[in-house]
$ cat entry-v5.pdb   # PDB, C-alpha atoms
ATOM      1  CA  MET A 153     162.968 -31.791 110.678
ATOM      2  CA  GLU A 154     159.222 -31.381 111.087
ATOM      3  CA  LYS A 155     158.564 -33.966 108.359
ATOM      4  CA  LEU A 156     160.800 -36.488 110.140
ATOM      5  CA  ARG A 157     158.936 -35.928 113.398
ATOM      6  CA  ILE A 158     155.566 -36.449 111.681
ATOM      7  CA  LEU A 159     156.848 -39.572 109.910
ATOM      8  CA  LYS A 160     158.173 -40.966 113.193
ATOM      9  CA  ARG A 161     154.831 -40.385 114.922
ATOM     10  CA  ARG A 162     152.993 -42.114 112.082
ATOM     11  CA  TRP A 163     155.221 -45.184 112.287
ATOM     12  CA  ILE A 164     154.890 -45.345 116.074
ATOM     13  CA  ASN A 165     151.128 -45.089 115.685
ATOM     14  CA  ARG A 166     151.090 -47.919 113.109
ATOM     15  CA  ILE A 167     153.289 -50.138 115.269
ATOM     16  CA  MET A 168     151.094 -49.613 118.345
ATOM     17  CA  LEU A 169     147.935 -50.270 116.319
ATOM     18  CA  PHE A 170     149.475 -53.480 115.007
ATOM     19  CA  ILE A 171     150.452 -54.608 118.520
ATOM     20  CA  SER A 172     146.926 -53.820 119.764
ATOM     21  CA  PHE A 173     145.481 -55.792 116.843
ATOM     22  CA  LEU A 174     147.680 -58.796 117.681
ATOM     23  CA  ALA A 175     146.646 -58.632 121.352
ATOM     24  CA  ALA A 176     142.962 -58.508 120.372
ATOM     25  CA  MET A 177     143.360 -61.445 117.995
ATOM     26  CA  TYR A 178     145.202 -63.429 120.689
ATOM     27  CA  GLY A 179     142.366 -62.900 123.167
ATOM     28  CA  LEU A 180     139.673 -63.688 120.577
ATOM     29  CA  PHE A 181     141.486 -66.852 119.522
ATOM     30  CA  TRP A 182     141.391 -68.300 123.015
ATOM     31  CA  LEU A 183     137.797 -67.130 123.554
ATOM     32  CA  PHE A 184     136.553 -68.898 120.423
ATOM     33  CA  TRP A 185     138.758 -71.908 121.180
ATOM     34  CA  ILE A 186     137.112 -72.283 124.608
ATOM     35  CA  LEU A 187     133.614 -71.750 123.216
ATOM     36  CA  GLY A 188     134.318 -74.134 120.340
ATOM     37  CA  THR A 189     135.623 -76.816 122.694
ATOM     38  CA  LEU A 190     132.544 -76.490 124.887
ATOM     39  CA  PHE A 191     130.275 -76.695 121.846
ATOM     40  CA  VAL A 192     132.009 -79.746 120.344
ATOM     41  CA  ASN A 193     132.193 -81.684 123.618
ATOM     42  CA  GLY A 194     129.027 -80.441 125.308
ATOM     43  CA  PHE A 195     126.262 -79.824 122.790
ATOM     44  CA  LYS A 196     126.103 -83.426 121.591
ATOM     45  CA  HIS A 197     125.364 -84.652 125.127
ATOM     46  CA  ILE A 198     122.404 -82.316 125.735
ATOM     47  CA  ASP A 199     119.070 -84.136 125.876
ATOM     48  CA  LEU A 200     115.811 -83.954 127.801
ATOM     49  CA  LYS A 201     116.860 -86.338 130.560
ATOM     50  CA  LEU A 202     119.712 -83.972 131.431
ATOM     51  CA  PHE A 203     117.057 -81.470 132.579
ATOM     52  CA  LEU A 204     114.277 -83.838 133.705
ATOM     53  CA  GLU A 205     116.080 -86.544 135.704
ATOM     54  CA  ASP A 206     118.135 -86.486 138.896
ATOM     55  CA  SER A 207     121.643 -87.955 139.107
ATOM     56  CA  GLY A 208     121.927 -91.722 138.994
ATOM     57  CA  PRO A 209     124.198 -94.003 141.041
ATOM     58  CA  PRO A 210     127.947 -93.737 140.329
ATOM     59  CA  GLY A 211     129.113 -95.997 137.537
ATOM     60  CA  LEU A 212     125.694 -96.407 135.882
ATOM     61  CA  ASN A 213     124.942 -94.534 132.666
ATOM     62  CA  ILE A 214     121.588 -93.217 133.848
ATOM     63  CA  GLY A 215     120.215 -89.983 135.265
ATOM     64  CA  GLY A 216     120.523 -86.304 134.541
ATOM     65  CA  LEU A 217     121.272 -83.068 136.345
ATOM     66  CA  ARG A 218     117.819 -81.770 137.215
ATOM     67  CA  GLN A 219     118.739 -81.210 140.865
ATOM     68  CA  ALA A 220     121.793 -79.172 139.821
ATOM     69  CA  PHE A 221     119.875 -76.942 137.405
ATOM     70  CA  VAL A 222     117.052 -76.327 139.887
ATOM     71  CA  GLY A 223     119.420 -75.769 142.812
ATOM     72  CA  HIS A 224     121.612 -73.397 140.834
ATOM     73  CA  LEU A 225     118.540 -71.441 139.750
ATOM     74  CA  ILE A 226     117.299 -71.149 143.343
ATOM     75  CA  ILE A 227     120.684 -70.043 144.698
ATOM     76  CA  THR A 228     121.240 -67.533 141.879
ATOM     77  CA  VAL A 229     117.743 -66.024 142.075
ATOM     78  CA  LEU A 230     117.956 -65.703 145.867
ATOM     79  CA  ALA A 231     121.400 -64.096 145.572
ATOM     80  CA  THR A 232     120.020 -61.665 142.992
ATOM     81  CA  LEU A 233     117.079 -60.712 145.221
ATOM     82  CA  ILE A 234     119.502 -60.022 148.080
ATOM     83  CA  GLY A 235     122.342 -58.389 146.168
ATOM     84  CA  VAL A 236     120.547 -56.134 143.682
ATOM     85  CA  PRO A 237     118.733 -53.867 146.202
ATOM     86  CA  ILE A 238     121.835 -53.540 148.390
ATOM     87  CA  GLY A 239     124.082 -52.726 145.428
ATOM     88  CA  LEU A 240     121.542 -50.327 143.925
ATOM     89  CA  PHE A 241     121.011 -48.358 147.154
ATOM     90  CA  ALA A 242     124.759 -48.314 147.836
ATOM     91  CA  GLY A 243     125.388 -46.805 144.393
ATOM     92  CA  ILE A 244     122.667 -44.204 144.963
ATOM     93  CA  TYR A 245     124.221 -43.261 148.304
ATOM     94  CA  TYR A 246     127.668 -42.931 146.749
ATOM     95  CA  ALA A 247     126.428 -40.712 143.917
ATOM     96  CA  GLU A 248     123.745 -38.606 145.610
ATOM     97  CA  TYR A 249     124.279 -38.429 149.375
ATOM     98  CA  GLY A 250     127.942 -39.033 150.151
ATOM     99  CA  ARG A 251     129.715 -36.994 147.493
ATOM    100  CA  ASN A 252     131.640 -34.718 149.870
ATOM    101  CA  SER A 253     131.986 -36.870 152.982
ATOM    102  CA  LYS A 254     135.136 -38.670 154.067
ATOM    103  CA  PHE A 255     133.019 -41.666 155.071
ATOM    104  CA  PHE A 256     131.961 -41.938 151.423
ATOM    105  CA  TRP A 257     135.553 -42.234 150.230
ATOM    106  CA  VAL A 258     136.255 -44.957 152.771
ATOM    107  CA  LEU A 259     133.225 -46.942 151.591
ATOM    108  CA  ARG A 260     133.999 -46.272 147.934
ATOM    109  CA  ASN A 261     137.580 -47.511 148.235
ATOM    110  CA  THR A 262     136.379 -50.552 150.188
ATOM    111  CA  THR A 263     133.911 -51.318 147.403
ATOM    112  CA  ASP A 264     136.665 -51.082 144.782
ATOM    113  CA  ILE A 265     138.716 -53.559 146.787
ATOM    114  CA  MET A 266     135.745 -55.927 147.082
ATOM    115  CA  VAL A 267     135.283 -55.950 143.304
ATOM    116  CA  SER A 268     138.629 -57.708 142.923
ATOM    117  CA  THR A 269     138.342 -59.861 146.051
ATOM    118  CA  PRO A 270     138.797 -63.594 145.269
ATOM    119  CA  SER A 271     135.466 -65.358 145.504
ATOM    120  CA  ILE A 272     136.865 -68.093 147.744
ATOM    121  CA  ILE A 273     137.449 -65.492 150.481
ATOM    122  CA  MET A 274     133.759 -64.565 150.440
ATOM    123  CA  GLY A 275     132.911 -68.247 150.672
ATOM    124  CA  ALA A 276     135.164 -68.624 153.710
ATOM    125  CA  VAL A 277     133.556 -65.575 155.366
ATOM    126  CA  MET A 278     130.041 -66.923 154.849
ATOM    127  CA  TYR A 279     131.202 -70.323 156.065
ATOM    128  CA  ALA A 280     132.172 -68.705 159.363
ATOM    129  CA  LEU A 281     129.014 -66.568 159.592
ATOM    130  CA  LEU A 282     126.239 -68.886 158.367
ATOM    131  CA  VAL A 283     127.543 -72.459 158.159
ATOM    132  CA  VAL A 284     129.391 -72.874 161.450
ATOM    133  CA  PRO A 285     126.569 -71.370 163.621
ATOM    134  CA  LEU A 286     123.954 -73.607 161.960
ATOM    135  CA  GLY A 287     126.202 -76.651 162.152
ATOM    136  CA  HIS A 288     125.760 -77.730 158.511
ATOM    137  CA  PHE A 289     126.060 -76.504 154.946
ATOM    138  CA  ASN A 290     123.050 -74.636 153.542
ATOM    139  CA  ALA A 291     121.936 -72.932 150.348
ATOM    140  CA  LEU A 292     121.207 -69.635 152.123
ATOM    141  CA  ALA A 293     124.897 -69.228 152.929
ATOM    142  CA  GLY A 294     125.721 -69.855 149.271
ATOM    143  CA  SER A 295     123.232 -67.227 148.147
ATOM    144  CA  MET A 296     124.617 -64.709 150.636
ATOM    145  CA  ALA A 297     128.175 -65.359 149.415
ATOM    146  CA  LEU A 298     127.145 -64.821 145.789
ATOM    147  CA  ALA A 299     125.104 -61.739 146.736
ATOM    148  CA  MET A 300     128.108 -60.157 148.428
ATOM    149  CA  LEU A 301     130.126 -60.787 145.261
ATOM    150  CA  MET A 302     127.408 -59.093 143.223
ATOM    151  CA  VAL A 303     126.986 -56.015 145.445
ATOM    152  CA  PRO A 304     130.299 -54.284 144.557
ATOM    153  CA  VAL A 305     129.745 -54.748 140.811
ATOM    154  CA  ILE A 306     126.241 -53.276 140.919
ATOM    155  CA  SER A 307     127.105 -50.442 143.328
ATOM    156  CA  VAL A 308     130.111 -49.294 141.281
ATOM    157  CA  THR A 309     128.134 -49.489 138.027
ATOM    158  CA  THR A 310     125.207 -47.575 139.555
ATOM    159  CA  TYR A 311     127.575 -44.927 140.916
ATOM    160  CA  GLU A 312     129.274 -44.437 137.558
ATOM    161  CA  MET A 313     125.983 -44.312 135.641
ATOM    162  CA  LEU A 314     124.430 -41.773 138.028
ATOM    163  CA  ASN A 315     127.517 -39.588 137.749
ATOM    164  CA  LEU A 316     126.941 -39.413 133.989
ATOM    165  CA  VAL A 317     123.561 -37.737 134.516
ATOM    166  CA  PRO A 318     124.047 -33.962 134.052
ATOM    167  CA  PHE A 319     123.796 -32.001 137.293
ATOM    168  CA  THR A 320     121.578 -29.462 135.517
ATOM    169  CA  LEU A 321     118.770 -32.033 135.537
ATOM    170  CA  ARG A 322     119.011 -32.203 139.321
ATOM    171  CA  GLU A 323     118.941 -28.410 139.567
ATOM    172  CA  ALA A 324     115.886 -28.268 137.301
ATOM    173  CA  ALA A 325     114.065 -30.778 139.522
ATOM    174  CA  TYR A 326     114.916 -28.758 142.631
ATOM    175  CA  ALA A 327     113.737 -25.591 140.897
ATOM    176  CA  LEU A 328     110.344 -27.205 140.287
ATOM    177  CA  GLY A 329     110.032 -27.984 144.002
ATOM    178  CA  ALA A 330     110.888 -31.681 143.952
ATOM    179  CA  TYR A 331     112.248 -33.326 147.066
ATOM    180  CA  LYS A 332     115.613 -35.084 146.835
ATOM    181  CA  TRP A 333     114.082 -38.567 146.834
ATOM    182  CA  GLN A 334     111.666 -37.506 144.080
ATOM    183  CA  MET A 335     114.519 -36.107 142.020
ATOM    184  CA  ILE A 336     116.486 -39.355 142.386
ATOM    185  CA  LYS A 337     113.513 -41.601 141.595
ATOM    186  CA  ASP A 338     111.959 -39.679 138.706
ATOM    187  CA  ILE A 339     114.923 -37.929 137.108
ATOM    188  CA  VAL A 340     118.290 -39.488 137.911
ATOM    189  CA  LEU A 341     117.369 -43.180 138.021
ATOM    190  CA  ARG A 342     115.161 -42.873 134.963
ATOM    191  CA  SER A 343     117.973 -41.247 132.995
ATOM    192  CA  ALA A 344     120.502 -43.921 133.987
ATOM    193  CA  LYS A 345     118.235 -46.989 133.942
ATOM    194  CA  VAL A 346     119.869 -48.582 130.886
ATOM    195  CA  GLY A 347     123.369 -48.495 132.389
ATOM    196  CA  ILE A 348     122.130 -49.668 135.791
ATOM    197  CA  LEU A 349     120.276 -52.601 134.222
ATOM    198  CA  THR A 350     123.444 -53.471 132.310
ATOM    199  CA  GLY A 351     125.397 -53.588 135.568
ATOM    200  CA  ILE A 352     122.784 -55.834 137.157
ATOM    201  CA  ILE A 353     122.914 -58.280 134.238
ATOM    202  CA  LEU A 354     126.708 -58.370 134.360
ATOM    203  CA  GLY A 355     126.548 -58.967 138.111
ATOM    204  CA  VAL A 356     124.219 -61.930 137.605
ATOM    205  CA  ALA A 357     126.484 -63.279 134.870
ATOM    206  CA  ARG A 358     129.481 -63.065 137.185
ATOM    207  CA  ILE A 359     127.972 -65.000 140.071
ATOM    208  CA  SER A 360     126.414 -67.630 137.798
ATOM    209  CA  GLY A 361     129.792 -69.224 137.141
ATOM    210  CA  GLU A 362     131.202 -69.170 140.680
ATOM    211  CA  THR A 363     132.232 -72.471 142.272
ATOM    212  CA  ALA A 364     134.549 -71.755 145.209
ATOM    213  CA  PRO A 365     132.008 -69.903 147.431
ATOM    214  CA  LEU A 366     129.481 -72.717 147.002
ATOM    215  CA  LEU A 367     132.005 -75.371 148.031
ATOM    216  CA  PHE A 368     132.271 -73.629 151.403
ATOM    217  CA  THR A 369     128.551 -72.894 151.840
ATOM    218  CA  SER A 370     125.831 -74.807 149.988
ATOM    219  CA  PHE A 371     128.218 -77.716 149.276
ATOM    220  CA  ASN A 372     126.271 -80.180 147.095
ATOM    221  CA  ASN A 373     123.367 -82.615 147.035
ATOM    222  CA  GLN A 374     122.647 -85.557 144.742
ATOM    223  CA  TYR A 375     118.892 -85.164 145.201
ATOM    224  CA  LEU A 376     116.384 -82.481 144.301
ATOM    225  CA  SER A 377     115.932 -80.099 147.221
ATOM    226  CA  PHE A 378     114.024 -76.849 147.775
ATOM    227  CA  ASP A 379     115.077 -76.284 151.398
ATOM    228  CA  ILE A 380     117.481 -73.323 151.503
ATOM    229  CA  PHE A 381     118.545 -74.263 155.044
ATOM    230  CA  LYS A 382     119.959 -77.589 153.846
ATOM    231  CA  PRO A 383     122.793 -78.496 151.433
ATOM    232  CA  MET A 384     121.703 -77.884 147.849
ATOM    233  CA  SER A 385     123.111 -78.961 144.529
ATOM    234  CA  SER A 386     124.494 -76.366 142.136
ATOM    235  CA  LEU A 387     125.610 -76.603 138.542
ATOM    236  CA  THR A 388     129.161 -75.353 139.080
ATOM    237  CA  VAL A 389     129.956 -77.679 142.002
ATOM    238  CA  THR A 390     128.389 -80.623 140.160
ATOM    239  CA  ILE A 391     130.540 -79.879 137.108
ATOM    240  CA  PHE A 392     133.602 -79.837 139.363
ATOM    241  CA  ASP A 393     132.669 -83.149 141.010
ATOM    242  CA  TYR A 394     131.802 -84.850 137.731
ATOM    243  CA  ALA A 395     134.975 -83.653 136.022
ATOM    244  CA  MET A 396     137.041 -85.160 138.872
ATOM    245  CA  SER A 397     135.218 -88.500 138.715
ATOM    246  CA  PRO A 398     136.506 -91.593 136.848
ATOM    247  CA  TYR A 399     133.215 -92.150 134.952
ATOM    248  CA  LYS A 400     132.941 -91.186 131.283
ATOM    249  CA  TYR A 401     129.166 -90.711 131.531
ATOM    250  CA  TRP A 402     129.669 -88.107 134.240
ATOM    251  CA  HIS A 403     132.368 -86.437 132.144
ATOM    252  CA  ASP A 404     129.909 -86.141 129.253
ATOM    253  CA  GLN A 405     127.286 -84.599 131.520
ATOM    254  CA  ALA A 406     129.868 -82.181 132.919
ATOM    255  CA  TRP A 407     130.641 -81.035 129.365
ATOM    256  CA  ALA A 408     126.933 -80.581 128.635
ATOM    257  CA  ALA A 409     126.356 -78.617 131.846
ATOM    258  CA  SER A 410     129.431 -76.477 131.136
ATOM    259  CA  PHE A 411     128.074 -75.648 127.691
ATOM    260  CA  CYS A 412     124.689 -74.645 129.145
ATOM    261  CA  LEU A 413     126.308 -72.456 131.802
ATOM    262  CA  ALA A 414     128.700 -70.781 129.347
ATOM    263  CA  PHE A 415     125.837 -70.186 126.917
ATOM    264  CA  PHE A 416     123.760 -68.527 129.663
ATOM    265  CA  ILE A 417     126.637 -66.243 130.711
ATOM    266  CA  LEU A 418     127.339 -65.374 127.070
ATOM    267  CA  VAL A 419     123.689 -64.452 126.505
ATOM    268  CA  CYS A 420     123.677 -62.270 129.636
ATOM    269  CA  SER A 421     126.800 -60.450 128.462
ATOM    270  CA  LEU A 422     125.396 -59.908 124.964
ATOM    271  CA  VAL A 423     122.100 -58.616 126.377
ATOM    272  CA  ALA A 424     124.023 -56.199 128.604
ATOM    273  CA  LYS A 425     126.039 -54.927 125.638
ATOM    274  CA  PHE A 426     122.882 -54.610 123.548
ATOM    275  CA  LEU A 427     121.079 -52.609 126.225
ATOM    276  CA  LEU A 428     124.047 -50.342 126.826
ATOM    277  CA  HIS A 429     124.580 -49.609 123.131
ATOM    278  CA  TYR A 430     121.102 -49.515 121.646
ATOM    279  CA  GLY A 431     119.458 -48.163 124.798
ATOM    280  CA  ASN A 432     121.592 -45.020 124.515
ATOM    281  CA  ILE A 433     120.773 -44.761 120.795
ATOM    282  CA  PHE A 434     117.028 -44.948 121.442
ATOM    283  CA  LYS A 435     117.362 -42.449 124.282
ATOM    284  CA  GLY A 436     119.152 -40.043 121.950
ATOM    285  CA  ARG A 437     116.378 -40.405 119.314
ATOM    286  CA  LYS A 438     113.677 -39.635 121.902
ATOM    287  CA  LYS A 439     115.469 -36.443 122.816
TER     288      LYS A 439
END

$ encode --input "entry-v5.pdb" --output "structure tokens"
Amino acid sequence: MEKLRILKRRWINRIMLFISFLAAMYGLFWLFWILGTLFVNGFKHIDLKLFLEDSGPPGLNIGGLRQAFVGHLIITVLATLIGVPIGLFAGIYYAEYGRNSKFFWVLRNTTDIMVSTPSIIMGAVMYALLVVPLGHFNALAGSMALAMLMVPVISVTTYEMLNLVPFTLREAAYALGAYKWQMIKDIVLRSAKVGILTGIILGVARISGETAPLLFTSFNNQYLSFDIFKPMSSLTVTIFDYAMSPYKYWHDQAWAASFCLAFFILVCSLVAKFLLHYGNIFKGRKK
């Protein structure tokens, strides 16, 4: 009887492993199919004028996407400068100051909900808060929308990483006479810096590919612009517009821009994985 039970468990284990293997292969197939399609259709259209020239008139096979690359960089960097400090301090508050308060649990649950909030909703909110009062689309509203999408990711990651730091380290810092802010800065944050940096990189990767919030906020611009209070071109919205156009030249540029954007997000994800894995290995060797 015992042998039959063991044999049954082994077969169930093998079946579940096989199903998990098939699910993993299914996901990897579509991942490599998407990346392969982007490479085949996009890489061959990458040239210097794509990065050095602005868009040309519709229907003419001239111009590049300089204004989209520059605008997307400005919006993403500004969103990062806004979102990272807010997300970092929110995670610190969750882990170090609000552990036993009911207000903490309300904020924590709200943050979990915001992580899965559709990006178009954040775009609509920023449209009402920053576009309607100013009377026109602007890049600042787009950056704020992306920043608010980044904040929950970074705050949750920071909270989880700080919770992994042993509480004995905090007690040792208190025993040496350190203030709470000194303990957080010199002990807790330093111990969890690899995981926190990983969360920040993943947050940047997430907002880099967003389109819907920018349609409601920064909109688009066919010319190079550095004014964050005016409409500004972005790579994702330009890809959307070019893909919907009837011009083959614009389709080719949309493929090239899509490849560049996917490559950047892929690099960010790989860097995050590298830091999380090898950072912990190096930390263990130092100990």

$ closest_residue --input "entry-v5.pdb" --among "A:Pro270, A:Val283, A:Phe255, A:Gly235" --to "Met300 in chain A" --atoms "all atoms listed in the file"
A:Gly235

$ closest_residue --input "entry-v5.pdb" --among "A:Val229, A:Met335, A:Ile244, A:Leu349" --to "Thr320 in chain A" --atoms "all atoms listed in the file"
A:Met335

$ residues_around --input "entry-v5.pdb" --residues "Ala280 in chain A" --least-positions-apart "6" --cutoff "10 Å" --atoms "all atoms listed in the file" --output "number ranges by chain"
A: 274, 286, 293, 368-369

$ resolve_selection --input "entry-v5.pdb" --expression "the PyMOL selection byres ((chain A and resi 363) around 9)" --output "PyMOL selection string"
chain A and resi 271-272+359-362+364-367+386-389+392

$ write_last_selection --input "entry-v5.pdb" --atoms "C-alpha atoms" --output "mmCIF file, keeping the file's coordinate frame"
data_model
loop_
_atom_site.group_PDB
_atom_site.id
_atom_site.type_symbol
_atom_site.label_atom_id
_atom_site.label_comp_id
_atom_site.auth_asym_id
_atom_site.auth_seq_id
_atom_site.Cartn_x
_atom_site.Cartn_y
_atom_site.Cartn_z
ATOM 1 C CA SER A 271 135.466 -65.358 145.504
ATOM 2 C CA ILE A 272 136.865 -68.093 147.744
ATOM 3 C CA ILE A 359 127.972 -65.000 140.071
ATOM 4 C CA SER A 360 126.414 -67.630 137.798
ATOM 5 C CA GLY A 361 129.792 -69.224 137.141
ATOM 6 C CA GLU A 362 131.202 -69.170 140.680
ATOM 7 C CA ALA A 364 134.549 -71.755 145.209
ATOM 8 C CA PRO A 365 132.008 -69.903 147.431
ATOM 9 C CA LEU A 366 129.481 -72.717 147.002
ATOM 10 C CA LEU A 367 132.005 -75.371 148.031
ATOM 11 C CA SER A 386 124.494 -76.366 142.136
ATOM 12 C CA LEU A 387 125.610 -76.603 138.542
ATOM 13 C CA THR A 388 129.161 -75.353 139.080
ATOM 14 C CA VAL A 389 129.956 -77.679 142.002
ATOM 15 C CA PHE A 392 133.602 -79.837 139.363
#

$ closest_residue --input "entry-v5.pdb" --among "A:Ala276, A:Val284, A:Val303, A:Leu422" --to "Asp264 in chain A" --atoms "only C-alpha atoms"
A:Val303

$ residues_around --input "entry-v5.pdb" --residues "range 409-418 of chain A" --least-positions-apart "2" --cutoff "6 Å" --atoms "only C-alpha atoms" --output "number ranges by chain"
A: 190, 194, 357, 406-407, 420-421

$ atom_distance --input "entry-v5.pdb" --atom1 "CA of Pro285 in chain A" --atom2 "CA of Ser307 in chain A"
29.2 Å

$ decode --input "entry-v5.pdb" --residues "range 222-241 of chain A" --atoms "C-alpha atoms" --output "CSV table (one decimal), in the first residue's frame"
chain,number,residue,atom,x,y,z
A,222,VAL,CA,14.9,63.0,-27.4
A,223,GLY,CA,11.3,63.6,-26.2
A,224,HIS,CA,11.0,60.1,-24.8
A,225,LEU,CA,14.3,60.5,-23.0
A,226,ILE,CA,13.2,63.8,-21.4
A,227,ILE,CA,9.8,62.4,-20.3
A,228,THR,CA,11.3,59.2,-18.9
A,229,VAL,CA,14.2,60.9,-17.1
A,230,LEU,CA,11.8,63.5,-15.6
A,231,ALA,CA,9.4,60.7,-14.5
A,232,THR,CA,12.3,58.8,-12.9
A,233,LEU,CA,13.5,61.9,-11.0
A,234,ILE,CA,9.9,62.4,-9.7
A,235,GLY,CA,8.9,58.8,-9.1
A,236,VAL,CA,12.1,57.3,-7.6
A,237,PRO,CA,12.3,59.5,-4.4
A,238,ILE,CA,8.6,59.2,-3.7
A,239,GLY,CA,8.6,55.4,-4.2
A,240,LEU,CA,11.8,55.0,-2.2
A,241,PHE,CA,10.6,57.0,0.8
